[in-house]
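Colleague: Dropping in structure.cif, with mmCIF, C-alpha atoms and all ligand atoms.
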```cif
data_model
#
loop_
_atom_site.label_atom_id
_atom_site.label_comp_id
_atom_site.auth_asym_id
_atom_site.auth_seq_id
_atom_site.Cartn_x
_atom_site.Cartn_y
_atom_site.Cartn_z
CA MET A 1291 0.68 -6.68 46.37
CA THR A 1292 1.49 -2.94 46.42
CA THR A 1293 -1.35 -0.43 46.19
CA GLU A 1294 -0.02 0.73 42.82
CA ASN A 1295 -0.02 -2.83 41.42
CA LYS A 1296 -3.47 -3.43 42.83
CA ILE A 1297 -4.84 -0.30 41.15
CA SER A 1298 -3.21 -1.09 37.84
CA ASN A 1299 -4.48 -4.70 38.00
CA GLU A 1300 -7.99 -3.48 38.75
CA THR A 1301 -7.75 -0.97 35.91
CA SER A 1302 -6.61 -3.65 33.49
CA GLN A 1303 -9.43 -5.98 34.65
CA ASN A 1304 -11.93 -3.17 34.11
CA ARG A 1305 -10.57 -2.75 30.62
CA LEU A 1306 -10.63 -6.45 29.80
CA PRO A 1307 -14.25 -6.85 28.56
CA GLY A 1308 -13.87 -3.73 26.37
CA LEU A 1309 -10.54 -4.95 25.04
CA LEU A 1310 -11.88 -8.42 24.22
CA GLY A 1311 -14.86 -6.87 22.46
CA LYS A 1312 -12.56 -4.69 20.39
CA LEU A 1313 -10.30 -7.61 19.53
CA GLY A 1314 -13.39 -9.57 18.52
CA LYS A 1315 -14.43 -6.74 16.21
CA MET A 1316 -10.92 -6.43 14.84
CA THR A 1317 -10.69 -10.09 13.86
CA SER A 1318 -14.11 -10.07 12.18
CA ILE A 1319 -12.71 -7.68 9.57
CA ARG A 1320 -11.81 -9.13 6.18
CA ASP A 1321 -9.75 -6.29 4.72
CA THR A 1322 -6.13 -5.52 5.64
CA GLU A 1323 -6.56 -1.73 5.36
CA VAL A 1324 -9.67 -1.61 7.51
CA LEU A 1325 -7.89 -3.85 10.01
CA GLU A 1326 -5.07 -1.31 10.29
CA GLN A 1327 -7.55 1.46 11.01
CA SER A 1328 -9.29 -0.74 13.54
CA LEU A 1329 -6.01 -1.29 15.39
CA LEU A 1330 -5.66 2.47 15.89
CA ARG A 1331 -9.32 2.73 16.88
CA THR A 1332 -8.76 0.01 19.48
CA LEU A 1333 -5.53 1.26 21.05
CA GLY A 1334 -6.13 5.03 21.03
CA PRO A 1335 -9.01 5.05 23.53
CA LEU A 1336 -7.42 2.30 25.64
CA LEU A 1337 -4.31 4.44 26.10
CA GLY A 1338 -6.32 7.61 26.55
CA VAL A 1339 -4.74 9.38 23.58
CA LEU A 1340 -6.47 11.27 20.78
CA ASP A 1341 -3.83 10.71 18.08
CA THR A 1342 -2.28 7.41 17.08
CA ALA A 1343 -0.43 6.41 13.94
CA LEU A 1344 0.67 3.31 12.12
CA TYR A 1345 3.85 3.49 10.05
CA ARG A 1346 4.20 0.75 7.45
CA THR A 1347 7.47 -0.40 5.91
CA ASP A 1348 8.21 -2.59 2.88
CA ASP A 1349 10.36 -5.72 2.86
CA ARG A 1350 13.46 -3.52 2.60
CA GLN A 1351 12.21 -1.80 5.76
CA ALA A 1352 11.75 1.55 4.02
CA LEU A 1353 8.73 3.57 5.11
CA ILE A 1354 5.91 3.29 2.56
CA ARG A 1355 2.83 4.78 4.16
CA VAL A 1356 1.40 6.24 7.34
CA ILE A 1357 -2.11 5.97 8.69
CA ASN A 1358 -3.00 8.77 11.09
CA TYR A 1359 -5.98 8.41 13.40
CA HIS A 1360 -7.39 11.41 15.23
CA ARG A 1361 -10.30 11.66 17.67
CA SER A 1362 -11.82 14.86 18.93
CA LYS A 1363 -14.85 15.83 20.95
CA VAL A 1364 -17.30 18.15 19.22
CA VAL A 1365 -20.06 19.94 21.12
CA GLU A 1366 -23.21 20.22 18.99
CA ALA A 1367 -25.51 23.27 18.95
CA ASP A 1368 -27.89 21.49 21.37
CA GLY A 1369 -25.03 21.07 23.86
CA VAL A 1370 -24.65 17.32 23.25
CA SER A 1371 -21.06 16.33 22.70
CA ARG A 1372 -19.94 13.52 20.45
CA VAL A 1373 -16.63 12.02 19.44
CA VAL A 1374 -15.55 12.63 15.85
CA GLU A 1375 -12.79 10.64 14.24
CA ARG A 1376 -10.58 11.35 11.25
CA ILE A 1377 -8.40 8.81 9.49
CA GLU A 1378 -5.94 9.83 6.84
CA GLU A 1379 -3.54 7.78 4.85
CA VAL A 1380 -0.32 9.46 3.79
CA THR A 1381 1.86 8.08 1.03
CA ASN A 1382 3.93 11.20 0.47
CA LEU A 1383 6.52 10.74 3.19
CA ALA A 1384 8.57 13.90 2.68
CA ALA A 1385 6.83 15.56 5.61
CA VAL A 1386 7.22 12.80 8.22
CA ALA A 1387 8.73 14.43 11.32
CA GLY A 1388 12.46 13.87 11.80
CA ASP A 1389 12.05 12.74 15.42
CA VAL A 1390 9.62 9.99 14.36
CA ILE A 1391 12.10 8.76 11.75
CA GLY A 1392 14.88 8.74 14.37
CA LEU A 1393 12.67 6.97 16.91
CA THR A 1394 11.46 4.27 14.49
CA ASP A 1395 15.07 3.69 13.36
CA ASN A 1396 15.91 2.96 17.00
CA VAL A 1397 12.94 0.60 17.33
CA ARG A 1398 14.05 -1.29 14.21
CA LEU A 1399 17.68 -1.55 15.35
CA LEU A 1400 16.86 -2.57 18.92
CA GLY A 1401 13.77 -4.64 18.07
CA LYS A 1402 11.86 -3.23 21.04
CA PRO A 1403 9.64 -0.26 21.94
CA CYS A 1404 11.47 3.05 22.31
CA THR A 1405 10.57 6.51 23.56
CA ARG A 1406 11.81 10.02 22.93
CA LEU A 1407 10.93 13.36 24.54
CA ARG A 1408 8.91 15.77 22.42
CA GLY A 1409 8.52 19.05 24.30
CA SER A 1410 6.93 18.17 27.63
CA GLU A 1411 5.46 14.93 26.24
CA VAL A 1412 6.79 11.50 25.31
CA LEU A 1413 6.75 10.08 21.79
CA ILE A 1414 6.38 6.30 22.00
CA ALA A 1415 6.88 3.72 19.22
CA TYR A 1416 6.26 -0.05 19.25
CA PRO A 1417 7.47 -2.43 16.55
CA LEU A 1418 5.00 -4.38 14.43
CA TYR A 1419 6.20 -7.78 13.33
CA GLY A 1420 5.48 -9.79 10.18
CA ASP A 1421 7.47 -12.93 9.27
CA ASN A 1422 9.69 -12.27 12.32
CA GLU A 1423 10.82 -8.96 10.86
CA VAL A 1424 9.80 -5.43 11.75
CA CYS A 1425 7.19 -4.41 9.17
CA GLY A 1426 5.97 -1.21 10.79
CA TYR A 1427 5.51 0.82 13.95
CA PHE A 1428 2.66 1.83 16.20
CA VAL A 1429 3.35 5.42 17.30
CA PHE A 1430 1.64 7.75 19.76
CA GLN A 1431 2.41 10.69 21.99
CA ARG A 1432 1.42 11.14 25.63
CA ASP A 1433 2.21 13.11 28.76
CA ARG A 1434 3.71 10.00 30.42
CA GLU A 1435 5.49 6.73 29.71
CA VAL A 1436 3.44 3.52 29.43
CA SER A 1437 2.89 1.48 32.60
CA PRO A 1438 3.88 -2.22 32.67
CA THR A 1439 0.19 -3.17 32.42
CA GLU A 1440 -0.33 -0.95 29.41
CA ASP A 1441 2.84 -2.32 27.87
CA THR A 1442 1.53 -5.90 28.15
CA MET A 1443 -1.79 -4.82 26.68
CA ILE A 1444 -0.22 -3.02 23.71
CA ARG A 1445 2.08 -5.97 22.95
CA GLY A 1446 -0.88 -8.37 23.15
CA VAL A 1447 -3.07 -6.31 20.82
CA LEU A 1448 -0.20 -5.83 18.34
CA GLU A 1449 0.46 -9.57 18.33
CA VAL A 1450 -3.19 -10.42 17.62
CA PHE A 1451 -3.17 -7.75 14.90
CA SER A 1452 0.02 -9.06 13.26
CA ASN A 1453 -1.14 -12.69 13.26
CA TYR A 1454 -4.51 -11.83 11.81
CA TYR A 1455 -3.01 -9.38 9.31
CA ALA A 1456 -0.65 -12.11 8.04
CA LEU A 1457 -3.62 -14.44 7.48
CA LEU A 1458 -5.52 -11.79 5.52
CA ASP A 1459 -2.43 -10.78 3.63
CA ILE A 1460 -1.87 -14.34 2.35
CA SER A 1461 -5.28 -14.24 0.65
CA GLN A 1462 -4.32 -10.98 -1.11
CA ARG A 1463 -1.00 -12.30 -2.42
CA ASP A 1464 -0.23 -14.16 -5.59
CA ARG A 1465 1.32 -17.50 -4.62
CA LEU A 1466 3.95 -17.62 -7.37
CA THR A 1467 5.34 -14.09 -7.23
CA GLY A 1468 4.29 -12.91 -3.76
CA LEU A 1469 2.89 -9.74 -5.36
CA LEU A 1470 -0.57 -8.45 -4.50
CA ASN A 1471 -3.15 -10.33 -6.58
CA ARG A 1472 -6.07 -9.31 -8.76
CA GLN A 1473 -8.52 -9.81 -5.91
CA ALA A 1474 -6.48 -7.37 -3.79
CA LEU A 1475 -6.55 -4.79 -6.58
CA GLU A 1476 -10.27 -5.12 -7.14
CA SER A 1477 -11.19 -5.15 -3.49
CA ASN A 1478 -8.94 -2.15 -2.85
CA PHE A 1479 -10.21 -0.02 -5.72
CA ASP A 1480 -12.84 1.77 -3.63
CA ARG A 1481 -10.41 2.58 -0.87
CA LEU A 1482 -7.72 3.55 -3.33
CA TRP A 1483 -10.02 5.90 -5.21
CA THR A 1484 -11.07 7.55 -1.94
CA VAL A 1485 -7.41 8.14 -1.13
CA LEU A 1486 -6.81 9.49 -4.65
CA ALA A 1487 -9.73 11.88 -4.34
CA GLN A 1488 -8.46 13.41 -1.08
CA PRO A 1489 -6.10 16.36 -1.29
CA ASP A 1490 -2.75 15.17 0.06
CA PHE A 1491 -2.44 17.34 3.15
CA TYR A 1492 1.23 16.52 3.66
CA ALA A 1493 2.13 17.10 -0.01
CA GLU A 1494 0.35 20.44 0.16
CA ARG A 1495 2.18 21.43 3.31
CA ALA A 1496 5.53 20.46 1.75
CA ALA A 1497 4.73 22.27 -1.51
CA GLY A 1498 3.21 25.28 0.26
CA ARG A 1499 0.26 25.29 -2.15
CA ARG A 1500 -2.92 23.39 -2.96
CA THR A 1501 -2.45 20.28 -5.07
CA THR A 1502 -5.04 18.73 -7.38
CA PRO A 1503 -6.43 15.53 -5.90
CA GLY A 1504 -5.41 12.42 -7.83
CA SER A 1505 -3.17 14.32 -10.22
CA ASN A 1506 -0.13 12.48 -8.91
CA TYR A 1507 -1.27 8.90 -9.54
CA TRP A 1508 -0.82 6.80 -12.66
CA LEU A 1509 -2.00 3.31 -13.47
CA GLY A 1510 -0.05 1.06 -15.83
CA VAL A 1511 -0.88 -2.34 -17.29
CA ILE A 1512 2.28 -4.31 -18.00
CA ASP A 1513 2.43 -7.47 -20.09
CA ILE A 1514 5.39 -9.74 -20.79
CA ASP A 1515 5.92 -9.98 -24.55
CA SER A 1516 5.47 -13.26 -26.42
CA PHE A 1517 5.34 -15.24 -23.20
CA LYS A 1518 3.55 -18.15 -24.88
CA GLN A 1519 6.78 -18.77 -26.78
CA VAL A 1520 8.68 -19.10 -23.48
CA ASN A 1521 6.28 -21.79 -22.30
CA ASP A 1522 6.18 -23.52 -25.69
CA THR A 1523 9.98 -23.60 -26.02
CA PHE A 1524 11.14 -24.22 -22.45
CA GLY A 1525 8.10 -25.63 -20.66
CA HIS A 1526 5.76 -24.31 -18.03
CA MET A 1527 8.18 -24.71 -15.11
CA VAL A 1528 10.79 -22.51 -16.73
CA GLY A 1529 7.93 -20.15 -17.60
CA ASP A 1530 7.02 -19.97 -13.91
CA GLU A 1531 10.61 -19.23 -12.92
CA ILE A 1532 10.85 -16.47 -15.52
CA LEU A 1533 7.60 -14.96 -14.28
CA LEU A 1534 8.95 -14.90 -10.74
CA LEU A 1535 12.25 -13.32 -11.80
CA ALA A 1536 10.49 -10.73 -13.98
CA ALA A 1537 8.15 -9.86 -11.10
CA ARG A 1538 11.11 -9.35 -8.71
CA LEU A 1539 12.95 -7.27 -11.28
CA MET A 1540 9.95 -5.02 -11.88
CA SER A 1541 9.19 -4.75 -8.21
CA ASN A 1542 12.76 -3.56 -7.54
CA ALA A 1543 12.62 -1.11 -10.44
CA PHE A 1544 9.53 0.60 -9.00
CA ARG A 1545 9.90 2.75 -5.91
CA SER A 1546 8.93 1.43 -2.51
CA GLY A 1547 5.65 3.37 -2.30
CA ASP A 1548 4.40 2.15 -5.69
CA LEU A 1549 1.94 -0.72 -5.84
CA LEU A 1550 2.49 -3.70 -8.14
CA TYR A 1551 -0.15 -6.38 -8.64
CA ARG A 1552 -0.09 -9.60 -10.62
CA TYR A 1553 -3.35 -9.10 -12.45
CA GLY A 1554 -3.35 -12.51 -14.15
CA GLY A 1555 -1.03 -14.81 -16.14
CA GLU A 1556 1.80 -12.64 -17.49
CA GLU A 1557 -0.08 -9.40 -16.90
CA PHE A 1558 0.65 -6.92 -14.08
CA VAL A 1559 -0.92 -3.67 -12.90
CA ALA A 1560 1.11 -0.90 -11.26
CA ILE A 1561 -0.15 2.21 -9.47
CA VAL A 1562 2.59 4.79 -9.10
CA THR A 1563 2.92 8.34 -7.86
CA ALA A 1564 4.49 10.89 -10.19
CA GLU A 1565 4.03 14.64 -10.34
CA ASN A 1566 3.56 14.75 -14.09
CA GLU A 1567 3.36 12.67 -17.22
CA ALA A 1568 7.09 12.93 -17.97
CA ILE A 1569 8.01 11.53 -14.55
CA ALA A 1570 5.41 8.76 -14.90
CA ARG A 1571 6.88 7.86 -18.30
CA ASN A 1572 10.38 7.72 -16.78
CA ILE A 1573 9.20 5.28 -14.14
CA PHE A 1574 7.60 2.89 -16.63
CA GLU A 1575 10.53 3.27 -19.04
CA ARG A 1576 12.91 2.43 -16.22
CA VAL A 1577 10.98 -0.78 -15.55
CA ARG A 1578 10.93 -1.67 -19.26
CA LEU A 1579 14.69 -1.06 -19.53
CA ALA A 1580 15.40 -3.12 -16.39
CA VAL A 1581 13.68 -6.13 -17.96
CA GLU A 1582 15.26 -5.55 -21.37
CA ALA A 1583 18.76 -5.32 -19.82
CA CYS A 1584 18.47 -8.54 -17.81
CA THR A 1585 19.78 -11.88 -19.02
CA PHE A 1586 17.29 -14.49 -17.86
CA PRO A 1587 18.24 -18.15 -17.38
CA ARG A 1588 17.60 -20.28 -20.51
CA VAL A 1589 15.35 -17.69 -22.14
CA GLU A 1590 18.06 -15.01 -22.03
CA LYS A 1591 16.14 -12.04 -23.47
CA LEU A 1592 12.67 -10.90 -22.47
CA THR A 1593 10.74 -7.68 -22.98
CA ILE A 1594 7.59 -6.07 -21.63
CA SER A 1595 5.00 -3.69 -23.07
CA VAL A 1596 3.27 -1.05 -20.97
CA GLY A 1597 0.11 1.01 -21.37
CA TYR A 1598 -0.58 3.65 -18.75
CA CYS A 1599 -2.78 6.61 -17.96
CA GLN A 1600 -3.59 8.99 -15.18
CA ALA A 1601 -5.56 7.45 -12.29
CA ASP A 1602 -8.14 10.21 -12.29
CA PRO A 1603 -10.39 9.83 -9.21
CA ASN A 1604 -13.29 11.30 -11.21
CA ILE A 1605 -13.19 8.39 -13.63
CA LEU A 1606 -14.36 4.90 -12.69
CA PRO A 1607 -11.49 2.51 -11.93
CA VAL A 1608 -12.71 0.13 -14.62
CA GLU A 1609 -12.42 2.90 -17.19
CA VAL A 1610 -8.93 3.84 -16.04
CA LEU A 1611 -7.93 0.17 -16.39
CA SER A 1612 -9.53 0.07 -19.81
CA ARG A 1613 -7.61 3.16 -20.99
CA ALA A 1614 -4.30 1.69 -19.84
CA ASP A 1615 -5.19 -1.64 -21.42
CA ARG A 1616 -6.04 -0.08 -24.78
CA SER A 1617 -2.69 1.72 -24.70
CA LEU A 1618 -0.97 -1.58 -23.93
CA TYR A 1619 -2.77 -3.24 -26.85
CA GLN A 1620 -1.50 -0.48 -29.12
CA ALA A 1621 2.06 -0.97 -27.83
CA LYS A 1622 1.76 -4.66 -28.75
CA GLN A 1623 0.37 -3.80 -32.19
CA ASP A 1624 3.29 -1.45 -32.85
CA GLY A 1625 5.91 -4.11 -32.20
CA ARG A 1626 6.07 -4.65 -28.39
CA ASN A 1627 8.85 -3.58 -25.95
CA ARG A 1628 7.44 -0.06 -25.65
CA VAL A 1629 5.61 2.25 -23.22
CA TYR A 1630 2.47 4.09 -24.37
CA GLU A 1631 0.41 6.70 -22.55
CA TYR A 1632 -3.31 6.97 -23.23
CA GLN A 1633 -3.67 10.76 -23.75
CA GLU A 1634 -0.66 10.78 -26.01
CA LEU A 1635 -2.38 8.21 -28.23
CA VAL A 1636 -5.60 10.23 -28.16
CA ARG A 1637 -3.66 13.36 -29.18
CA ALA A 1638 -1.93 11.43 -31.95
CA GLY A 1639 -5.38 10.38 -33.23
CA VAL A 1640 -4.62 6.67 -32.74
CA PHE A 1641 -7.94 6.29 -30.98
CA LYS A 1642 -10.62 8.62 -29.79
CA GLU A 1643 -11.16 9.21 -26.08
CA ILE A 1644 -13.19 6.41 -24.54
CA ASP A 1645 -16.77 7.35 -23.85
CA ALA A 1646 -17.76 6.20 -20.35
CA ASN A 1647 -20.52 4.10 -21.94
CA GLU A 1648 -18.10 2.26 -24.21
CA VAL A 1649 -15.97 0.89 -21.42
CA GLU A 1650 -15.04 -2.73 -21.91
CA PHE A 1651 -14.02 -5.05 -19.10
CA PHE A 1652 -10.86 -7.01 -19.77
N1 LIG B 1701 4.44 -20.62 -16.96
C1 LIG B 1701 3.35 -19.90 -16.82
N2 LIG B 1701 2.73 -19.43 -17.92
C2 LIG B 1701 1.62 -18.69 -17.77
C3 LIG B 1701 1.09 -18.39 -16.50
N3 LIG B 1701 -0.02 -17.65 -16.69
C4 LIG B 1701 -0.18 -17.45 -18.02
N4 LIG B 1701 0.82 -18.08 -18.69
C5 LIG B 1701 1.02 -18.21 -20.12
O1 LIG B 1701 1.26 -16.94 -20.70
C6 LIG B 1701 1.00 -17.06 -22.11
C7 LIG B 1701 0.32 -15.81 -22.60
O2 LIG B 1701 0.19 -15.92 -23.97
P1 LIG B 1701 -0.58 -14.88 -24.89
O3 LIG B 1701 -1.74 -14.29 -24.14
O4 LIG B 1701 -0.87 -15.59 -26.18
O5 LIG B 1701 0.40 -13.71 -25.09
P2 LIG B 1701 1.95 -13.64 -25.42
O6 LIG B 1701 2.49 -14.92 -25.99
O7 LIG B 1701 2.62 -13.12 -24.19
O8 LIG B 1701 1.97 -12.57 -26.59
P3 LIG B 1701 1.79 -10.99 -26.48
O9 LIG B 1701 1.11 -10.68 -25.19
O10 LIG B 1701 0.96 -10.63 -27.67
O11 LIG B 1701 3.15 -10.41 -26.57
C8 LIG B 1701 0.15 -18.33 -22.29
O12 LIG B 1701 0.93 -19.31 -22.89
C9 LIG B 1701 -0.19 -18.72 -20.86
O13 LIG B 1701 -0.29 -20.13 -20.71
C10 LIG B 1701 1.76 -18.92 -15.35
O14 LIG B 1701 1.37 -18.73 -14.20
N5 LIG B 1701 2.87 -19.66 -15.56
#
```
Please, can you express the file's structure as structure tokens?
Modeller:
Amino acid sequence: MTTENKISNETSQNRLPGLLGKLGKMTSIRDTEVLEQSLLRTLGPLLGVLDTALYRTDDRQALIRVINYHRSKVVEADGVSRVVERIEEVTNLAAVAGDVIGLTDNVRLLGKPCTRLRGSEVLIAYPLYGDNEVCGYFVFQRDREVSPTEDTMIRGVLEVFSNYYALLDISQRDRLTGLLNRQALESNFDRLWTVLAQPDFYAERAAGRRTTPGSNYWLGVIDIDSFKQVNDTFGHMVGDEILLLAARLMSNAFRSGDLLYRYGGEEFVAIVTAENEAIARNIFERVRLAVEACTFPRVEKLTISVGYCQADPNILPVEVLSRADRSLYQAKQDGRNRVYEYQELVRAGVFKEIDANEVEFF
């Protein structure tokens, strides 16, 4: 054995107990988002880097979000130093660096880790797999390439992560449509609201000005119209097929970064980003029109109604849902196949603004 191999073997053996402990911690986590953060927390220190990032793609392999993890050492007034960490999730992808896009494209095409020079350092990206397809990238920057030992370690950790992520993901997915389920929405509300409340650093940098936290997010409740009739006329199995087709259609009509959940039965919840009310309306109208324009098997014509409102981080999620749901109810009352926005209905005097104490669960 060469001296170099011996040293790197010893180093990897020294790292083994720490690595196993971290993997143990990682797999005790029950939430897919926290698991992603934990992956970065595990690999960053093992590779001796302060910044790591996870790039996530959708099933069309388009980038949907980035999780950046940063560690720094802060020296307190009493001289004691401690490590501080910062995790930020970015959904506005306009500001993702061009060299990262180019590098991750290479990783996807070649199906293996790739590197690229960035100044005097090396930018390194590893593929993340889900269902045998690339579903994201682990990216970091360092002053040197990875050693064979480090390479084995990274691949091993990423494999454990992907397998465990897939298991967790199954429990957050609706079995019929494959969309995120109600449990996923409810368990993600806290995290989602924290993200909404943070100023979007990347959006601000791109816009060159401060943006209002949460002002870009809208929540819509979508319900298929007169679905009982579909079941009553064609049977439950046809009903299931129609639900699946409608879900696919809607999912394709939203943009890749938008979130669509099957909330229950023939009811869906979408969380979308849009700079203002007019853009949000366009998105929901586009989804409504996509369903209206489709000819479904047997049933032929189908429509949806939508109620939506701003996902204001200062308002409890349950109240935001309630506002969208009341708007949806009004759309149904007024004849279905329409999109209503909450504030618009308040302005029109259709109903008064919900008092926080009047919130109803639905
Ligand atoms: N096939 C099928 N039907 C479902 C599923 N979940 C809910 N449904 C049916 O969806 C129908 C919903 O009916 P209603 O709540 O009366 O509403 P609707 O007929 O859509 O009428 P509006 O909402 O007022 O337009 C019921 O018949 C449910 O049985 C499912 O997973 N598969």
Colleague: Find the residues near ligand LIG 1701 (chain B). Use a cut-off of 9 Å, count only C-alpha atoms and all ligand atoms, and write them as a ChimeraX atom specification.
Modeller: /A:1466,1513-1522,1525-1533,1554-1557,1593-1595,1619,1622-1623,1625-1627
Colleague: Counting all atoms listed in the file, which residue out of A:Arg1465, A:Leu1309, A:Arg1355, A:Val1339 sits closest to Asp1433 of chain A?
Modeller: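 Smallest separation from Asp1433 of chain A among the options: A:Val1339.
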Colleague: Write out as a PyMOL selection string which residues come within 10 Å of Gly1547 of chain A when counting only C-alpha atoms, dropping same-chain ones fewer than 5 positions away.
Modeller: chain A and resi 1347-1348+1352-1355+1381-1383+1561-1563
Colleague: Name all residues at most 10 Å from Leu1458 of chain A (count only C-alpha atoms; drop same-chain ones fewer than 4 positions away) and give them as a list in words.
Modeller: Thr1317, Ile1319, Arg1320, Asp1321, Thr1322, Leu1325, Ser1452, Asn1453, Tyr1454, Gln1462 and Arg1463 of chain A
Colleague: Give me, please, the distance in Å between atom CA of Leu1330 of chain A and atom CA of Thr1342 of chain A, quoted to one decimal.
Modeller: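 Atom-to-atom, atom CA of Leu1330 of chain A to atom CA of Thr1342 of chain A, that is 6.1 Å.
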Colleague: Can you tell me, as a PyMOL selection string, which residues sit within 6 Å of (2.4, -4.9, -14.2) in the file's frame, using only C-alpha atoms?
Modeller: chain A and resi 1511-1512+1557-1560
Colleague: Report, in Å to a single decimal, how far apart atom CA of Leu1337 of chain A and atom CA of Leu1313 of chain A are.
Modeller: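 These two atoms are separated by 15.0 Å.
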Colleague: Record the distance separating atom CA of Ser1410 of chain A and atom CA of Ala1385 of chain A, expressed in Å with one decimal.
Modeller: 22.2 Å
Colleague: Which residue out of A:Val1390, A:Leu1475, A:Ala1415, A:Leu1340 has the minimum interatomic distance to Arg1445 of chain A when all atoms listed in the file are used?
Modeller: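 Of the candidates, the smallest distance to Arg1445 of chain A is held by A:Ala1415.
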Colleague: Can you tell me which residues surround Cys1425 of chain A at a distance of at most 7 Å, considering all atoms listed in the file, apart from same-chain residues fewer than 5 positions away, and format the answer as a ChimeraX atom specification?
Modeller: /A:1346-1348,1351,1418-1420
Colleague: Can you sort out segment 1454-1469 of chain A so it carries N, CA and C atoms, written as a PDB file, keeping the file's coordinate frame?
Modeller:
```pdb
ATOM      1  N   TYR A1454      -3.311 -11.860  12.641  1.00  0.00           N
ATOM      2  CA  TYR A1454      -4.510 -11.830  11.810  1.00  0.00           C
ATOM      3  C   TYR A1454      -4.213 -11.137  10.468  1.00  0.00           C
ATOM      4  N   TYR A1455      -3.387 -10.102  10.538  1.00  0.00           N
ATOM      5  CA  TYR A1455      -3.010  -9.380   9.310  1.00  0.00           C
ATOM      6  C   TYR A1455      -2.309 -10.337   8.335  1.00  0.00           C
ATOM      7  N   ALA A1456      -1.403 -11.176   8.890  1.00  0.00           N
ATOM      8  CA  ALA A1456      -0.650 -12.110   8.040  1.00  0.00           C
ATOM      9  C   ALA A1456      -1.615 -13.066   7.341  1.00  0.00           C
ATOM     10  N   LEU A1457      -2.648 -13.531   8.081  1.00  0.00           N
ATOM     11  CA  LEU A1457      -3.620 -14.440   7.480  1.00  0.00           C
ATOM     12  C   LEU A1457      -4.361 -13.767   6.323  1.00  0.00           C
ATOM     13  N   LEU A1458      -4.798 -12.524   6.561  1.00  0.00           N
ATOM     14  CA  LEU A1458      -5.520 -11.790   5.520  1.00  0.00           C
ATOM     15  C   LEU A1458      -4.619 -11.502   4.337  1.00  0.00           C
ATOM     16  N   ASP A1459      -3.366 -11.167   4.664  1.00  0.00           N
ATOM     17  CA  ASP A1459      -2.430 -10.780   3.630  1.00  0.00           C
ATOM     18  C   ASP A1459      -2.177 -11.933   2.657  1.00  0.00           C
ATOM     19  N   ILE A1460      -2.109 -13.160   3.199  1.00  0.00           N
ATOM     20  CA  ILE A1460      -1.870 -14.340   2.350  1.00  0.00           C
ATOM     21  C   ILE A1460      -2.940 -14.408   1.255  1.00  0.00           C
ATOM     22  N   SER A1461      -4.208 -14.114   1.636  1.00  0.00           N
ATOM     23  CA  SER A1461      -5.280 -14.240   0.650  1.00  0.00           C
ATOM     24  C   SER A1461      -5.220 -13.130  -0.400  1.00  0.00           C
ATOM     25  N   GLN A1462      -4.426 -12.077  -0.132  1.00  0.00           N
ATOM     26  CA  GLN A1462      -4.320 -10.980  -1.110  1.00  0.00           C
ATOM     27  C   GLN A1462      -3.046 -11.094  -1.942  1.00  0.00           C
ATOM     28  N   ARG A1463      -2.285 -12.156  -1.727  1.00  0.00           N
ATOM     29  CA  ARG A1463      -1.000 -12.300  -2.420  1.00  0.00           C
ATOM     30  C   ARG A1463      -1.053 -13.390  -3.463  1.00  0.00           C
ATOM     31  N   ASP A1464      -0.363 -13.144  -4.561  1.00  0.00           N
ATOM     32  CA  ASP A1464      -0.230 -14.160  -5.590  1.00  0.00           C
ATOM     33  C   ASP A1464       0.795 -15.193  -5.104  1.00  0.00           C
ATOM     34  N   ARG A1465       0.468 -16.474  -5.231  1.00  0.00           N
ATOM     35  CA  ARG A1465       1.320 -17.500  -4.620  1.00  0.00           C
ATOM     36  C   ARG A1465       2.653 -17.652  -5.328  1.00  0.00           C
ATOM     37  N   LEU A1466       2.682 -17.443  -6.639  1.00  0.00           N
ATOM     38  CA  LEU A1466       3.950 -17.620  -7.370  1.00  0.00           C
ATOM     39  C   LEU A1466       4.917 -16.454  -7.116  1.00  0.00           C
ATOM     40  N   THR A1467       4.434 -15.241  -7.271  1.00  0.00           N
ATOM     41  CA  THR A1467       5.340 -14.090  -7.230  1.00  0.00           C
ATOM     42  C   THR A1467       5.370 -13.366  -5.884  1.00  0.00           C
ATOM     43  N   GLY A1468       4.373 -13.619  -5.042  1.00  0.00           N
ATOM     44  CA  GLY A1468       4.290 -12.910  -3.760  1.00  0.00           C
ATOM     45  C   GLY A1468       3.756 -11.494  -3.911  1.00  0.00           C
ATOM     46  N   LEU A1469       3.458 -11.095  -5.156  1.00  0.00           N
ATOM     47  CA  LEU A1469       2.890  -9.740  -5.360  1.00  0.00           C
ATOM     48  C   LEU A1469       1.431  -9.740  -4.918  1.00  0.00           C
TER      49      LEU A1469
END
```
